[in-house]
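A.B. asks: The structure's right below; bear with me while I get my questions together.
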Amino acid sequence: MQQALSFSLVAGEASGDLLASLLLQGMKKTWPDLKASGIGGAQMVAQGFDAQWSSNQLAVRGYVEVLRHYRRIVGIRRQLRDQLLAHPPSAFIGVDAPDFNLDLARDLKAHGIPTVHFVCPSIWAWRADRIEKIKQSVDHVLCIFPFEVDLLAQHGIRATYVGHPLAQMIPQQVDRDAARQALGLAPNARIVALLPGSRDSEIKYLAKRFLQAARLTHAQQADLQFVLPAVPALKAQIEQLAKAVNVPNLQILEGQSHWALAACDVTLNASGTATLEAALFKRPMVIAYNMNVLSWWITRAKKLQPWVGLPNILSNDFVVPELLQDAATPQALALEVLRWFDEPERVQQVQQIFSGLHDSLRRDTASLASHAIQEVLQG
């Protein structure tokens, strides 16, 4: 009879919660009686995860923003570390959130606890100096992009390409009409999805710009409708902003980002995992980001590639526009959104690119990841 295993997982923000929940589904097939606890969100809890802290408490982006919450975040990490050292799990699995997870994993690994990191930190895009910390902290990395395995191997870090779980979860062809029906939208409507992010700091710096851009696009094309999927904890804040900006034909959803992406014609996205999700839904997009000016200067200095959006990075080209920091004005965002409606051939071209990208990322992620974790446990 197989002994029940216990795993500690830490996922930060909504995208990590989703990835970790998909990982847990696969792990439960391998170890039906597993116990999993740590830091996570609602989707992990739905898989039986014991969330001792909410992933929302780690959802901070940008150097200045992190400094503001530093004491609280470090306090959570210290509490979790002490708890895991007192009662060691079978393995620790950090899901993204490298600033939090790598330091924690390093301490645990030093005490003999096996450590796995799911989603290779973007050392190929920025902060290449982080490679040494990965080597010190992690026994094995589960990579979601194929080129990452060779990159890590060059530095003596064991890794497995497991594909991107979203590429398996999202079908190549989605039913747009069904999504529109689910959201109460007309089949022939022209719809823009607004995804300003899932962090409080992103709402602060992006939501108003996105809403103002929506208002400007509506002024140009009055039949446009807008859907904005909001993280439940931030929905009231977004509703207040929307009321102030007074965007016509706007529907604010509680979650349901995949319904919104399936239903829309074009999406205006904060840079991050949501841009890859939009690509997997084959949706033309405009990528934008804005942050505290000091955080921006520090981040830009560490940037290694000309792109920040995952669809562009994976395509090695600006297949969709990126408007960052001062360039992300409501006027510029509105102009780029409207361009997609005026250029159907460009839409078809980017959809073909995204279809090929989807194929390259589709693997049986849960099974591959579980097998790699099993090998780590076996030493």
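Within each chain, counting starts at residue 1; across the structure tokens, chains are named A, B, ... in the order shown, with ligands numbered 1 upward in that order.
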Report as a list in words all protein, DNA and RNA residues lying within 7 Å of His140 of chain A, evaluated on only C-alpha atoms, omitting residues in the same chain fewer than 6 positions from it.
C.D. replies: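 The residues that qualify are Thr115, Val116, His117, Ile157, Arg158 and Ala159 of chain A.
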A.B. asks: From segment 117-343 of chain A, collect each residue whose DSSP state is strand (DSSP E or B) and return the set as a VMD selection string.
C.D. replies: chain A and resid 117 to 118 126 140 to 143 159 to 161 190 to 195 224 to 230 250 to 254 266 to 270 285 to 289 303 322 to 324
A.B. asks: Run DSSP on the backbone and grab whatever in segment 243-282 of chain A lands in helix (DSSP H, G or I); send it over as a PyMOL selection string.
C.D. replies: chain A and resi 243-245+257-263+273-280
A.B. asks: Tell me, counting only C-alpha atoms, for each residue of segment 341-372 of chain A within 9 Å of segment 313-320 of chain A, which pair of atoms is nearest and how far apart they are in Å to one decimal, in rows ordered by chain and increasing number, as JSON lines.
C.D. replies:
```
{"residue": "A:Val350", "atom": "CA", "partner": "A:Val319", "partner_atom": "CA", "distance": 6.6}
{"residue": "A:Ile353", "atom": "CA", "partner": "A:Ser315", "partner_atom": "CA", "distance": 7.9}
{"residue": "A:Phe354", "atom": "CA", "partner": "A:Ser315", "partner_atom": "CA", "distance": 8.9}
{"residue": "A:Leu357", "atom": "CA", "partner": "A:Leu314", "partner_atom": "CA", "distance": 7.7}
```
A.B. asks: Near Ser55 of chain A, within 9 Å and counting only C-alpha atoms, which residues show up once chain neighbours fewer than 2 positions away are dropped, as a PyMOL selection string?
C.D. replies: chain A and resi 10-14+16-17+39-42+51+53+57-59
A.B. asks: Tell me which protein, DNA and RNA residues are within 12 Å of Asp150 of chain A, counting only C-alpha atoms, leaving out same-chain ones fewer than 3 positions away, and put them as a CSV table (one decimal) with N, CA and C atoms, in the first residue's frame.
C.D. replies:
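Output contents, as saved in selection.csv:
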```
chain,number,residue,atom,x,y,z
A,120,CYS,N,10.1,27.9,-14.9
A,120,CYS,CA,11.4,28.5,-14.8
A,120,CYS,C,11.4,30.0,-14.8
A,124,TRP,N,16.0,34.2,-19.3
A,124,TRP,CA,16.3,34.5,-20.7
A,124,TRP,C,15.7,35.8,-21.1
A,141,VAL,N,13.7,21.7,-11.9
A,141,VAL,CA,12.8,22.8,-12.4
A,141,VAL,C,11.9,22.1,-13.5
A,143,CYS,N,9.9,23.0,-16.5
A,143,CYS,CA,9.9,24.1,-17.5
A,143,CYS,C,8.6,24.1,-18.4
A,145,PHE,N,8.4,26.1,-21.2
A,145,PHE,CA,8.9,26.4,-22.5
A,145,PHE,C,10.0,25.5,-22.9
A,146,PRO,N,10.1,25.0,-24.1
A,146,PRO,CA,11.0,24.0,-24.5
A,146,PRO,C,12.5,24.4,-24.4
A,147,PHE,N,12.8,25.6,-24.7
A,147,PHE,CA,14.2,26.1,-24.8
A,147,PHE,C,14.9,26.2,-23.4
A,153,ALA,N,20.5,23.4,-18.2
A,153,ALA,CA,21.5,22.3,-18.3
A,153,ALA,C,22.9,22.9,-18.4
A,154,GLN,N,23.1,24.0,-19.1
A,154,GLN,CA,24.4,24.6,-19.2
A,154,GLN,C,24.9,25.0,-17.9
A,155,HIS,N,24.1,25.2,-16.9
A,155,HIS,CA,24.5,25.6,-15.6
A,155,HIS,C,24.4,24.5,-14.6
A,156,GLY,N,24.2,23.2,-15.0
A,156,GLY,CA,24.2,22.1,-14.2
A,156,GLY,C,22.9,21.9,-13.4
A,157,ILE,N,21.8,22.5,-13.9
A,157,ILE,CA,20.5,22.4,-13.2
A,157,ILE,C,19.6,21.4,-13.9
A,158,ARG,N,19.1,20.5,-13.1
A,158,ARG,CA,18.2,19.4,-13.7
A,158,ARG,C,16.9,20.1,-14.0
A,159,ALA,N,16.3,19.7,-15.1
A,159,ALA,CA,15.0,20.3,-15.5
A,159,ALA,C,14.3,19.3,-16.5
A,160,THR,N,13.0,19.5,-16.6
A,160,THR,CA,12.1,18.7,-17.5
A,160,THR,C,11.2,19.7,-18.2
A,161,TYR,N,11.1,19.5,-19.5
A,161,TYR,CA,10.0,20.3,-20.2
A,161,TYR,C,8.7,19.6,-20.1
```
A.B. asks: Write out as a tab-separated table (two decimals) with C-alpha atoms, in the first residue's frame the residues lying within 10 Å of Leu268 of chain A, counting only C-alpha atoms and excluding same-chain residues fewer than 5 positions away.
C.D. replies:
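Result saved to out.tsv:
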```tsv
chain	number	residue	atom	x	y	z
A	192	VAL	CA	-13.22	43.95	-26.38
A	193	ALA	CA	-11.96	42.16	-23.25
A	194	LEU	CA	-10.12	44.35	-20.74
A	195	LEU	CA	-7.62	42.50	-18.53
A	196	PRO	CA	-5.74	45.03	-16.39
A	210	PHE	CA	-7.77	50.61	-19.77
A	213	ALA	CA	-9.09	53.60	-23.57
A	214	ALA	CA	-12.38	51.71	-23.72
A	228	LEU	CA	-13.68	43.11	-17.72
A	275	THR	CA	-1.12	37.49	-22.65
A	278	ALA	CA	-5.05	35.31	-24.93
A	284	PRO	CA	-5.40	39.55	-31.23
A	285	MET	CA	-4.27	41.75	-28.37
A	286	VAL	CA	-2.65	44.93	-27.23
A	287	ILE	CA	-0.14	44.40	-24.40
A	288	ALA	CA	0.39	47.20	-21.91
A	333	LEU	CA	-4.14	51.97	-26.32
A	334	ALA	CA	-7.44	52.88	-27.98
A	336	GLU	CA	-4.07	49.98	-31.27
A	337	VAL	CA	-7.29	48.24	-30.21
```
A.B. asks: With only C-alpha atoms as the counted atoms, please give the residues lying no more than 12 Å from Ala244 of chain A, apart from itself and same-chain residues fewer than 4 positions off, as a list of chain:residue names.
C.D. replies: A:Ala207, A:Lys208, A:Leu211, A:Gln212, A:Arg215, A:Gln237, A:Ile238, A:Glu239, A:Gln240, A:Pro248
A.B. asks: Can you tell me, as a VMD selection string, what residues are no more than 9 Å from segment 180-184 of chain A when counting only C-alpha atoms, ignoring any on the same chain fewer than 2 positions away?
C.D. replies: chain A and resid 175 to 178 186 to 187 189 253 259 to 260 262 to 264
A.B. asks: As an exercise, work out the distance from atom CA of Pro114 of chain A to atom CA of Val376 of chain A in Å and give it to one decimal place.
C.D. replies: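 It comes out at 6.9 Å.
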A.B. asks: Can you tell me how far atom CA of Phe341 of chain A sits from atom CA of Thr267 of chain A, in Å to one decimal?
C.D. replies: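 Atom-to-atom, atom CA of Phe341 of chain A to atom CA of Thr267 of chain A, that is 11.3 Å.
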A.B. asks: Quick one: pull the distance between atom CA of Glu202 of chain A and atom CA of Arg283 of chain A, Å, one decimal.
C.D. replies: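 These atoms are spaced 21.6 Å apart.
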